[in-house]
$ cat run_34.txt   # compact mmCIF, C-alpha atoms
# COMPACT_ATOMS: atom_id res chain seq x y z
CA MET Z 1443 8.42 7.04 -8.24
CA ASP Z 1444 11.55 5.06 -8.93
CA ASN Z 1445 14.32 7.63 -9.25
CA ALA Z 1446 16.71 5.01 -10.62
CA ARG Z 1447 14.71 4.91 -13.87
CA PRO Z 1448 15.15 7.67 -16.46
CA PRO Z 1449 12.22 10.10 -16.88
CA TRP Z 1450 11.33 8.80 -20.34
CA ALA Z 1451 11.01 5.25 -18.95
CA ARG Z 1452 8.77 6.43 -16.13
CA ARG Z 1453 6.55 8.25 -18.62
CA CYS Z 1454 6.34 5.22 -20.91
CA LEU Z 1455 5.55 2.86 -18.08
CA GLY Z 1456 2.60 4.97 -16.95
CA ALA Z 1457 0.37 3.22 -14.42
CA ALA Z 1458 2.46 0.05 -14.54
CA GLY Z 1459 5.52 2.09 -13.58
CA GLU Z 1460 3.66 3.66 -10.67
CA LEU Z 1461 2.61 0.19 -9.55
CA TRP Z 1462 6.20 -1.04 -9.81
CA ALA Z 1463 7.46 1.96 -7.83
CA ALA Z 1464 4.80 1.47 -5.16
CA ALA Z 1465 5.74 -2.17 -4.66
CA PRO Z 1466 8.67 -3.14 -2.40
CA GLN Z 1467 11.81 -2.74 -4.48
CA PRO Z 1468 14.65 -5.27 -4.70
CA GLY Z 1469 17.27 -4.59 -2.07
CA ARG Z 1470 15.01 -2.22 -0.17
CA ARG Z 1471 13.05 -3.08 2.95
CA ALA Z 1472 9.36 -2.20 2.62
CA ASP Z 1473 9.14 -1.11 6.27
CA GLY Z 1474 12.29 1.06 6.16
CA ARG Z 1475 13.87 -0.64 9.21
CA LEU Z 1476 17.58 -1.35 9.43
CA PRO Z 1477 18.61 -5.04 9.19
CA TRP Z 1478 20.31 -5.04 12.56
CA ARG Z 1479 19.76 -8.76 13.32
CA SER Z 1480 21.55 -10.00 10.20
CA THR Z 1481 24.21 -7.31 10.60
CA LEU Z 1482 24.87 -8.42 14.17
CA ALA Z 1483 25.17 -12.02 13.04
CA VAL Z 1484 27.65 -11.07 10.29
CA THR Z 1485 29.64 -8.93 12.73
CA LEU Z 1486 30.00 -11.82 15.16
CA LEU Z 1487 30.91 -14.22 12.32
CA VAL Z 1488 33.57 -11.92 10.88
CA THR Z 1489 35.06 -10.97 14.25
CA LEU Z 1490 35.17 -14.45 15.75
CA GLY Z 1491 36.25 -16.10 12.49
CA SER Z 1492 39.06 -13.62 11.90
CA ASN Z 1493 40.30 -13.99 15.47
CA ALA Z 1494 40.31 -17.76 14.99
CA ALA Z 1495 42.29 -17.38 11.75
CA ALA Z 1496 44.75 -15.06 13.55
CA ARG Z 1497 45.78 -17.92 15.87
CA ASN Z 1498 47.47 -19.60 12.92
CA PRO Z 1499 48.40 -16.62 10.72
CA HIS Z 1500 50.65 -18.53 8.22
CA GLY Z 1501 53.07 -15.65 8.01
CA ARG Z 1502 50.45 -12.90 8.06
CA VAL Z 1503 50.48 -9.91 10.40
CA PRO Z 1504 48.83 -10.58 13.81
CA LEU Z 1505 45.39 -9.06 14.20
CA ASP Z 1506 45.67 -5.79 16.17
CA SER Z 1507 43.33 -2.95 17.07
CA PHE Z 1508 43.49 -1.45 13.55
CA GLY Z 1509 42.57 -4.80 12.04
CA HIS Z 1510 39.65 -5.16 14.45
CA ALA Z 1511 38.51 -1.63 13.52
CA LEU Z 1512 38.55 -2.55 9.81
CA LEU Z 1513 36.54 -5.71 10.48
CA LEU Z 1514 34.02 -3.86 12.62
CA ALA Z 1515 33.67 -0.96 10.16
CA GLY Z 1516 33.10 -3.30 7.19
CA ALA Z 1517 30.50 -5.31 9.09
CA LEU Z 1518 28.63 -2.29 10.47
CA LEU Z 1519 28.40 -0.75 7.01
CA LEU Z 1520 26.07 -3.63 6.13
CA LEU Z 1521 23.53 -2.06 8.47
CA PHE Z 1522 22.83 0.49 5.71
CA ARG Z 1523 23.01 -1.83 2.71
CA HIS Z 1524 19.30 -1.43 1.91
CA ARG Z 1525 19.21 2.35 2.19
CA TYR Z 1526 22.60 3.13 0.65
CA PRO Z 1527 23.66 0.10 -1.39
CA ARG Z 1528 26.28 1.91 -3.46
CA ALA Z 1529 28.02 3.47 -0.46
CA THR Z 1530 27.88 0.13 1.36
CA ALA Z 1531 29.46 -1.75 -1.56
CA LEU Z 1532 32.27 0.78 -1.91
CA GLY Z 1533 32.79 1.04 1.87
CA THR Z 1534 33.04 -2.71 2.47
CA ALA Z 1535 35.38 -2.99 -0.54
CA ALA Z 1536 37.62 -0.26 0.91
CA CYS Z 1537 37.73 -2.01 4.31
CA CYS Z 1538 38.59 -5.34 2.71
CA ALA Z 1539 41.27 -3.80 0.49
CA ALA Z 1540 42.88 -2.06 3.49
CA TYR Z 1541 42.65 -5.30 5.48
CA PHE Z 1542 44.47 -7.27 2.77
CA ALA Z 1543 47.05 -4.54 2.15
CA ALA Z 1544 47.87 -4.45 5.87
CA GLY Z 1545 48.70 -8.15 5.73
CA TYR Z 1546 46.18 -9.39 8.27
CA PRO Z 1547 45.16 -13.08 8.25
CA TYR Z 1548 42.59 -14.28 5.79
CA GLY Z 1549 39.22 -15.16 7.22
CA PRO Z 1550 35.51 -14.45 6.83
CA VAL Z 1551 36.21 -10.82 6.01
CA PHE Z 1552 35.17 -11.84 2.48
CA VAL Z 1553 31.59 -12.12 3.74
CA THR Z 1554 31.24 -8.36 4.19
CA LEU Z 1555 32.51 -7.74 0.66
CA ALA Z 1556 30.13 -10.36 -0.76
CA LEU Z 1557 27.07 -8.99 1.06
CA GLY Z 1558 27.89 -5.40 0.11
CA ALA Z 1559 28.20 -6.35 -3.56
CA TYR Z 1560 25.04 -8.44 -3.37
CA ALA Z 1561 23.02 -5.53 -1.94
CA ALA Z 1562 24.25 -3.19 -4.69
CA ILE Z 1563 23.54 -5.65 -7.50
CA VAL Z 1564 20.01 -6.55 -6.43
CA ALA Z 1565 19.28 -2.82 -5.98
CA GLY Z 1566 20.27 -2.25 -9.62
CA TYR Z 1567 23.75 -0.76 -9.14
CA ARG Z 1568 25.61 -3.48 -10.99
CA ALA Z 1569 28.49 -1.32 -12.23
CA VAL Z 1570 29.24 -0.10 -8.70
CA ALA Z 1571 29.26 -3.65 -7.32
CA TRP Z 1572 31.45 -4.98 -10.11
CA CYS Z 1573 33.91 -2.11 -9.66
CA ALA Z 1574 34.00 -2.63 -5.89
CA VAL Z 1575 34.68 -6.36 -6.08
CA GLY Z 1576 37.04 -5.92 -9.04
CA GLY Z 1577 38.93 -3.23 -7.14
CA VAL Z 1578 39.48 -5.51 -4.15
CA TRP Z 1579 40.65 -8.28 -6.46
CA LEU Z 1580 43.05 -5.87 -8.19
CA VAL Z 1581 44.41 -4.60 -4.85
CA HIS Z 1582 44.96 -8.17 -3.72
CA LEU Z 1583 46.77 -8.95 -6.99
CA LEU Z 1584 49.03 -5.89 -6.74
CA VAL Z 1585 49.87 -6.45 -3.08
CA ALA Z 1586 50.57 -10.16 -3.52
CA HIS Z 1587 52.86 -9.80 -6.56
CA TRP Z 1588 54.23 -6.27 -6.83
CA LEU Z 1589 53.69 -4.12 -3.72
CA TYR Z 1590 54.69 -6.77 -1.16
CA ARG Z 1591 58.22 -5.20 -0.98
CA TRP Z 1592 56.86 -2.12 0.73
CA LEU Z 1593 54.04 -3.67 2.76
CA PRO Z 1594 54.02 -6.19 5.61
CA PRO Z 1595 54.55 -9.06 6.15
CA TYR Z 1596 57.51 -8.99 3.67
CA LEU Z 1597 57.19 -12.66 2.68
CA GLY Z 1598 57.75 -12.29 -1.04
CA PRO Z 1599 55.31 -12.82 -3.90
CA ALA Z 1600 52.34 -15.10 -3.42
CA PRO Z 1601 51.97 -18.18 -5.62
CA TRP Z 1602 49.94 -17.59 -8.78
CA ALA Z 1603 47.88 -20.69 -8.07
CA GLN Z 1604 46.38 -18.79 -5.17
CA GLU Z 1605 44.99 -16.21 -7.60
CA LEU Z 1606 42.97 -18.87 -9.35
CA LEU Z 1607 41.13 -19.56 -6.10
CA VAL Z 1608 40.61 -15.84 -5.45
CA THR Z 1609 39.37 -15.27 -9.01
CA ALA Z 1610 36.96 -18.18 -8.74
CA TRP Z 1611 35.64 -16.80 -5.46
CA VAL Z 1612 35.12 -13.33 -6.98
CA ALA Z 1613 33.33 -14.82 -9.99
CA ALA Z 1614 31.11 -16.94 -7.73
CA VAL Z 1615 30.11 -13.91 -5.64
CA LEU Z 1616 29.22 -11.85 -8.70
CA ALA Z 1617 27.39 -14.72 -10.40
CA ALA Z 1618 25.31 -15.49 -7.31
CA SER Z 1619 24.43 -11.82 -6.90
CA GLU Z 1620 23.43 -11.52 -10.56
CA LEU Z 1621 21.22 -14.61 -10.31
CA ALA Z 1622 19.55 -13.18 -7.22
CA ARG Z 1623 19.00 -9.89 -9.02
CA VAL Z 1624 17.41 -11.61 -12.01
CA ARG Z 1625 15.18 -13.69 -9.72
CA ARG Z 1626 14.03 -10.64 -7.78
CA GLU Z 1627 13.27 -8.76 -10.97
CA GLN Z 1628 11.23 -11.72 -12.20
CA LEU Z 1629 9.29 -11.83 -8.93
CA ALA Z 1630 8.68 -8.07 -9.04
CA ARG Z 1631 7.49 -8.35 -12.64
CA MET Z 1632 5.19 -11.24 -11.74
CA ARG Z 1633 3.72 -9.24 -8.84
CA ALA Z 1634 3.18 -6.26 -11.13
CA GLU Z 1635 1.54 -8.46 -13.76
CA ARG Z 1636 -0.74 -10.07 -11.18
CA ALA Z 1637 -1.73 -6.66 -9.84
CA ALA Z 1638 -2.35 -5.39 -13.39
CA ALA Z 1639 -4.45 -8.49 -14.14
CA GLU Z 1640 -6.49 -7.94 -10.97
CA ARG Z 1641 -7.00 -4.29 -11.89
CA ARG Z 1642 -8.00 -5.32 -15.42
CA ARG Z 1643 -10.50 -7.84 -14.05
CA ALA Z 1644 -11.91 -5.16 -11.75
CA ASP Z 1645 -12.27 -2.78 -14.70
CA GLU Z 1646 -13.98 -5.47 -16.76
CA GLU Z 1647 -16.36 -6.21 -13.89
CA ARG Z 1648 -17.09 -2.53 -13.49
CA LEU Z 1649 -17.88 -2.23 -17.20
CA ARG Z 1650 -20.04 -5.35 -17.04
CA ILE Z 1651 -22.08 -3.93 -14.16
CA ALA Z 1652 -22.35 -0.58 -15.94
CA ARG Z 1653 -23.66 -2.32 -19.06
CA GLU Z 1654 -26.15 -4.33 -17.03
CA LEU Z 1655 -27.46 -1.26 -15.23
CA HIS Z 1656 -27.63 0.73 -18.43
CA ASP Z 1657 -29.54 -1.98 -20.30
CA VAL Z 1658 -31.97 -2.62 -17.45
CA LEU Z 1659 -32.66 1.02 -16.64
CA ALA Z 1660 -32.71 2.31 -20.21
CA HIS Z 1661 -35.25 -0.28 -21.31
CA SER Z 1662 -37.47 -0.06 -18.23
CA ILE Z 1663 -37.41 3.72 -17.99
CA SER Z 1664 -38.19 4.00 -21.69
CA VAL Z 1665 -41.26 1.80 -21.21
CA ILE Z 1666 -42.26 3.75 -18.11
CA ASN Z 1667 -41.80 7.06 -19.91
CA VAL Z 1668 -43.97 6.01 -22.84
CA GLN Z 1669 -46.68 4.54 -20.61
CA ALA Z 1670 -46.63 7.58 -18.34
CA GLY Z 1671 -47.26 9.78 -21.38
CA VAL Z 1672 -50.12 7.52 -22.47
CA GLY Z 1673 -51.61 7.55 -18.98
CA LEU Z 1674 -51.47 11.32 -18.71
CA ALA Z 1675 -53.02 11.77 -22.17
CA LEU Z 1676 -55.90 9.34 -21.51
CA LEU Z 1677 -56.48 9.97 -17.82
CA ASP Z 1678 -59.68 11.95 -18.44
CA SER Z 1679 -60.91 10.61 -21.78
CA ASP Z 1680 -60.16 6.88 -21.32
CA PRO Z 1681 -59.56 5.99 -17.63
CA GLU Z 1682 -59.45 2.26 -18.38
CA GLN Z 1683 -56.60 2.67 -20.89
CA ALA Z 1684 -54.84 4.95 -18.40
CA ARG Z 1685 -55.23 2.22 -15.78
CA THR Z 1686 -53.60 -0.26 -18.20
CA ALA Z 1687 -50.69 2.13 -18.73
CA LEU Z 1688 -50.21 2.46 -14.98
CA SER Z 1689 -50.26 -1.33 -14.62
CA THR Z 1690 -47.53 -1.56 -17.25
CA ILE Z 1691 -45.50 1.06 -15.39
CA LYS Z 1692 -45.86 -0.91 -12.17
CA ALA Z 1693 -44.78 -4.17 -13.82
CA ALA Z 1694 -41.81 -2.56 -15.61
CA SER Z 1695 -40.61 -0.78 -12.49
CA LYS Z 1696 -40.92 -3.96 -10.43
CA GLU Z 1697 -38.89 -5.93 -12.94
CA ALA Z 1698 -36.27 -3.18 -13.16
CA LEU Z 1699 -35.96 -3.05 -9.37
CA GLY Z 1700 -35.52 -6.82 -9.26
CA GLU Z 1701 -32.75 -6.82 -11.86
CA VAL Z 1702 -31.00 -3.82 -10.30
CA ARG Z 1703 -31.16 -5.52 -6.90
CA GLN Z 1704 -29.61 -8.65 -8.44
CA VAL Z 1705 -26.74 -6.60 -9.90
CA LEU Z 1706 -26.17 -4.83 -6.58
CA ASP Z 1707 -26.18 -8.15 -4.73
CA THR Z 1708 -23.16 -9.23 -6.77
CA LEU Z 1709 -21.35 -6.15 -5.46
CA ARG Z 1710 -22.22 -6.81 -1.83
CA THR Z 1711 -21.26 -10.50 -1.95
CA PRO Z 1712 -18.51 -10.90 -4.56
CA GLY Z 1713 -17.87 -14.47 -5.60
CA ASP Z 1714 -21.31 -15.74 -4.54
CA ALA Z 1715 -23.65 -17.19 -7.11
CA PRO Z 1716 -26.55 -14.91 -8.06
CA ARG Z 1717 -29.84 -15.71 -6.37
CA ALA Z 1718 -31.77 -15.58 -9.65
CA PRO Z 1719 -30.67 -16.82 -13.07
CA ALA Z 1720 -29.50 -14.22 -15.55
CA PRO Z 1721 -32.01 -13.35 -18.27
CA GLY Z 1722 -31.68 -15.08 -21.64
CA LEU Z 1723 -33.42 -15.51 -24.96
CA ASP Z 1724 -36.11 -17.59 -23.23
CA ARG Z 1725 -37.43 -14.27 -21.89
CA LEU Z 1726 -37.98 -12.77 -25.34
CA PRO Z 1727 -41.77 -13.17 -24.97
CA GLU Z 1728 -41.68 -10.97 -21.85
CA LEU Z 1729 -39.53 -8.46 -23.68
CA THR Z 1730 -41.85 -8.28 -26.67
CA GLU Z 1731 -44.82 -7.94 -24.34
CA GLN Z 1732 -43.21 -4.97 -22.62
CA ALA Z 1733 -42.43 -3.42 -26.00
CA ARG Z 1734 -46.04 -3.97 -27.07
CA GLY Z 1735 -47.15 -2.15 -23.94
CA ALA Z 1736 -44.96 0.77 -25.04
CA GLY Z 1737 -46.73 0.81 -28.43
CA LEU Z 1738 -44.16 -1.24 -30.39
CA ALA Z 1739 -45.31 -4.43 -32.12
CA VAL Z 1740 -42.43 -6.92 -32.32
CA ASP Z 1741 -42.28 -9.87 -34.68
CA VAL Z 1742 -39.81 -12.58 -33.57
CA ALA Z 1743 -38.64 -15.32 -35.94
CA THR Z 1744 -36.03 -18.03 -35.56
CA GLU Z 1745 -34.02 -19.54 -38.38
CA GLY Z 1746 -31.99 -22.72 -38.09
CA THR Z 1747 -31.96 -25.22 -35.26
CA PRO Z 1748 -31.90 -23.50 -31.85
CA ALA Z 1749 -28.95 -24.61 -29.76
CA ALA Z 1750 -28.31 -24.40 -26.03
CA LEU Z 1751 -26.25 -21.28 -25.40
CA PRO Z 1752 -23.68 -20.70 -22.66
CA PRO Z 1753 -25.03 -18.37 -19.94
CA GLY Z 1754 -22.81 -15.47 -21.00
CA THR Z 1755 -23.83 -15.78 -24.64
CA ASP Z 1756 -27.51 -16.13 -23.74
CA LEU Z 1757 -27.36 -12.98 -21.58
CA ALA Z 1758 -25.46 -10.99 -24.22
CA ALA Z 1759 -27.96 -11.97 -26.94
CA PHE Z 1760 -30.90 -10.98 -24.74
CA ARG Z 1761 -29.34 -7.62 -23.82
CA ILE Z 1762 -28.54 -6.84 -27.46
CA VAL Z 1763 -32.15 -7.44 -28.50
CA GLN Z 1764 -33.37 -5.48 -25.45
CA GLU Z 1765 -31.15 -2.49 -26.21
CA ALA Z 1766 -32.10 -2.52 -29.90
CA LEU Z 1767 -35.82 -2.50 -29.06
CA THR Z 1768 -35.26 0.23 -26.47
CA ASN Z 1769 -33.59 2.40 -29.11
CA ILE Z 1770 -36.55 1.86 -31.46
CA VAL Z 1771 -38.99 2.90 -28.73
CA ARG Z 1772 -36.96 5.99 -27.87
CA HIS Z 1773 -35.61 7.14 -31.22
CA SER Z 1774 -37.71 5.71 -34.07
CA GLY Z 1775 -41.03 6.76 -35.48
CA SER Z 1776 -41.81 3.16 -36.38
CA ARG Z 1777 -44.33 1.23 -34.34
CA THR Z 1778 -43.21 -2.18 -35.63
CA ALA Z 1779 -39.94 -4.08 -35.28
CA ARG Z 1780 -38.62 -7.42 -36.51
CA VAL Z 1781 -36.24 -9.66 -34.58
CA ARG Z 1782 -34.50 -12.51 -36.40
CA LEU Z 1783 -32.39 -15.13 -34.63
CA ARG Z 1784 -30.26 -17.18 -37.01
CA TYR Z 1785 -28.51 -20.25 -35.63
CA ALA Z 1786 -25.77 -20.64 -38.22
CA PRO Z 1787 -23.02 -23.30 -37.91
CA GLY Z 1788 -20.82 -22.13 -35.04
CA ALA Z 1789 -22.44 -18.72 -34.65
CA LEU Z 1790 -25.58 -16.91 -33.56
CA GLU Z 1791 -26.74 -14.00 -35.72
CA ILE Z 1792 -29.19 -11.41 -34.44
CA LEU Z 1793 -30.98 -8.93 -36.69
CA VAL Z 1794 -33.29 -6.22 -35.35
CA ASP Z 1795 -35.00 -4.00 -37.96
CA ASP Z 1796 -37.47 -1.14 -37.89
CA ASP Z 1797 -38.99 0.82 -40.77
CA GLY Z 1798 -39.57 4.21 -39.23
CA PRO Z 1799 -37.55 7.41 -39.57
CA ALA Z 1800 -35.47 8.62 -36.63
CA THR Z 1801 -37.36 11.07 -34.46
CA ALA Z 1802 -34.73 12.06 -31.89
CA GLY Z 1803 -31.45 10.95 -30.38
CA THR Z 1804 -29.63 10.47 -33.65
CA LYS Z 1805 -26.34 10.29 -31.75
CA GLU Z 1806 -27.47 7.01 -30.21
CA LEU Z 1807 -28.52 5.63 -33.59
CA THR Z 1808 -25.25 6.51 -35.29
CA GLY Z 1809 -23.11 4.81 -32.68
CA GLY Z 1810 -22.15 7.68 -30.37
CA GLY Z 1811 -24.26 6.66 -27.40
CA ASN Z 1812 -23.67 4.21 -24.58
CA GLY Z 1813 -26.26 1.72 -25.80
CA LEU Z 1814 -24.55 0.71 -29.03
CA ALA Z 1815 -21.16 0.86 -27.33
CA GLY Z 1816 -22.46 -1.55 -24.70
CA MET Z 1817 -23.73 -3.91 -27.41
CA ARG Z 1818 -20.36 -3.90 -29.13
CA GLU Z 1819 -18.55 -4.52 -25.84
CA ARG Z 1820 -20.80 -7.47 -25.02
CA ALA Z 1821 -20.28 -9.03 -28.45
CA ALA Z 1822 -16.52 -8.30 -28.49
CA ALA Z 1823 -16.11 -10.01 -25.10
CA LEU Z 1824 -17.38 -13.20 -26.77
CA GLY Z 1825 -15.39 -12.75 -29.96
CA GLY Z 1826 -18.32 -11.30 -31.91
CA THR Z 1827 -19.25 -8.08 -33.68
CA VAL Z 1828 -22.15 -5.63 -33.79
CA GLU Z 1829 -23.01 -3.43 -36.76
CA ALA Z 1830 -25.67 -0.73 -36.60
CA GLY Z 1831 -26.82 1.83 -39.12
CA PRO Z 1832 -29.54 3.02 -41.49
CA ARG Z 1833 -30.83 0.61 -44.13
CA PRO Z 1834 -30.72 1.56 -47.82
CA ASP Z 1835 -34.51 1.23 -48.09
CA GLY Z 1836 -35.15 3.28 -44.94
CA GLY Z 1837 -35.35 2.39 -41.29
CA PHE Z 1838 -32.55 1.10 -39.09
CA ARG Z 1839 -30.85 -2.25 -38.59
CA VAL Z 1840 -28.78 -3.77 -35.79
CA ARG Z 1841 -26.82 -6.86 -36.81
CA ALA Z 1842 -24.88 -8.90 -34.23
CA ARG Z 1843 -22.83 -12.04 -34.73
CA ILE Z 1844 -21.52 -14.09 -31.80
CA PRO Z 1845 -19.28 -17.11 -32.49
CA LEU Z 1846 -20.52 -19.94 -30.30
CA ALA Z 1847 -17.18 -21.77 -30.18
CA ALA Z 1848 -15.37 -18.62 -28.98
CA ALA Z 1849 -18.14 -17.98 -26.46
CA ALA Z 1850 -17.78 -21.49 -25.07
CA ARG Z 1851 -14.02 -21.03 -24.72
CA THR Z 1852 -14.56 -17.73 -22.90
CA VAL Z 1853 -16.89 -19.43 -20.40
CA ILE Z 1854 -14.37 -22.21 -19.78
CA GLU Z 1855 -11.55 -19.72 -19.24
CA GLU Z 1856 -13.64 -17.70 -16.78
CA GLU Z 1857 -14.58 -20.81 -14.82
CA SER Z 1858 -10.96 -21.99 -14.70

$ encode --input "run_34.txt" --output "structure tokens"
Amino acid sequence: MDNARPPWARRCLGAAGELWAAAPQPGRRADGRLPWRSTLAVTLLVTLGSNAAARNPHGRVPLDSFGHALLLAGALLLLFRHRYPRATALGTAACCAAYFAAGYPYGPVFVTLALGAYAAIVAGYRAVAWCAVGGVWLVHLLVAHWLYRWLPPYLGPAPWAQELLVTAWVAAVLAASELARVRREQLARMRAERAAAERRRADEERLRIARELHDVLAHSISVINVQAGVGLALLDSDPEQARTALSTIKAASKEALGEVRQVLDTLRTPGDAPRAPAPGLDRLPELTEQARGAGLAVDVATEGTPAALPPGTDLAAFRIVQEALTNIVRHSGSRTARVRLRYAPGALEILVDDDGPATAGTKELTGGGNGLAGMRERAAALGGTVEAGPRPDGGFRVRARIPLAAAARTVIEEES
């Protein structure tokens, strides 16, 4: 975890905070290696540039072994700027301050100070970087205007116009470092948001597959269970009826295997188009025929002008009707059900009613099971709602409403 964040922030961030901490942090190399190439380049620049400036010192002290040691120490500290940004910022500032106080010639020694401050700022230690750069600026101000009497090269106070240039340089270094910090934080936030979006899409896909498997298996196994009971009961007394029940079991299991195989194919080849079209309301006759084989007579009626539905809406409507009929077969004593499809302006309404008392599985009927939760999730994904509960005159009703305009927008967004 990110130790720079307070504990309460890490707790509030939760999974997003763990993701942020796991990602490469600003100012920190992901592979943990030392930046020796850039440090070597800076060392050569500072050493050669300072020696060039020492050839025309303009009244400054000639560069000696102590000056070279300060230059080398400040440059080599940059080797640890990713691992120890605070110590690097303070160390380079101390080397620069000692270099200026000793009266050595100006040169690219400012580069070490700028890079040390930059590393601290992008790593989040802004106060340390500002204090380091501000301290060097203050030392330069004191030496140039008050302490010059006791320090070489004894040339008197420096012109105040020079301080304007130094102040502008300090402000430019800090401003550039702050801009880089803000940019890196934005990039890190964008990476975290993209990763969170990918994880959210994966969760949604997992829930979609779970709903598909639940709807397919619950319906088919319910039909198989009922027909198996019929076959066992009539095996001796009515072999022909038992044979019909076994034929229904075979057909239901074959269809279930086909739909499960289609769902699993989407897992094996993500991004590929499914080999078979997803089921829709055009398969309601097959669904009612399967329910009839399980002993449930279904009456289907359509109100309004049927409209072409987007694939996602068509699939959701079919699954809602399928799950509602499955619940009647499993949990209701009624042997009849009514399905009403109402094509209202801008919306599709689905009503599934039965008249029988609940026989078992009241948790499912009152909304505690996975079936009704799956219906609500399907409708909510398209901007719709599902209501389920007992009717005042007895029986049970499932009412779903799916806005067609919202469903069309959802399809367009998914395709884009």

$ closest_residue --input "run_34.txt" --among "Z:Ala1639, Z:Ala1733, Z:Leu1606, Z:Ala1789" --to "Leu1751 in chain Z" --atoms "only C-alpha atoms"
Z:Ala1789

$ atom_distance --input "run_34.txt" --atom1 "CA of Pro1550 in chain Z" --atom2 "CA of Leu1487 in chain Z"
7.2 Å

$ atom_distance --input "run_34.txt" --atom1 "CA of Thr1554 in chain Z" --atom2 "CA of Cys1573 in chain Z"
15.4 Å

$ residues_near_point --input "run_34.txt" --point "(-25.3, -2.1, -17.1)" --cutoff "12 Å" --atoms "all atoms listed in the file" --output "ChimeraX atom specification"
/Z:1646-1661,1698,1701-1702,1704-1706,1757-1758,1761-1762,1765,1812-1813,1815-1817,1819-1820

$ atom_distance --input "run_34.txt" --atom1 "CA of Ala1603 in chain Z" --atom2 "CA of Ala1556 in chain Z"
21.8 Å

$ residues_around --input "run_34.txt" --residues "Arg1833 in chain Z" --least-positions-apart "6" --cutoff "9 Å" --atoms "all atoms listed in the file" --output "count of residues only"
3

$ residues_around --input "run_34.txt" --residues "range 1563-1571 of chain Z" --least-positions-apart "3" --cutoff "12 Å" --atoms "all atoms listed in the file" --output "ChimeraX atom specification"
/Z:1444-1447,1466-1471,1523-1535,1555-1560,1574-1578,1612,1615-1628,1630

$ residues_near_point --input "run_34.txt" --point "(-34.3, -8.1, -26.3)" --cutoff "9 Å" --atoms "only C-alpha atoms" --output "PyMOL selection string"
chain Z and resi 1722-1723+1725-1726+1729-1730+1759-1768+1781
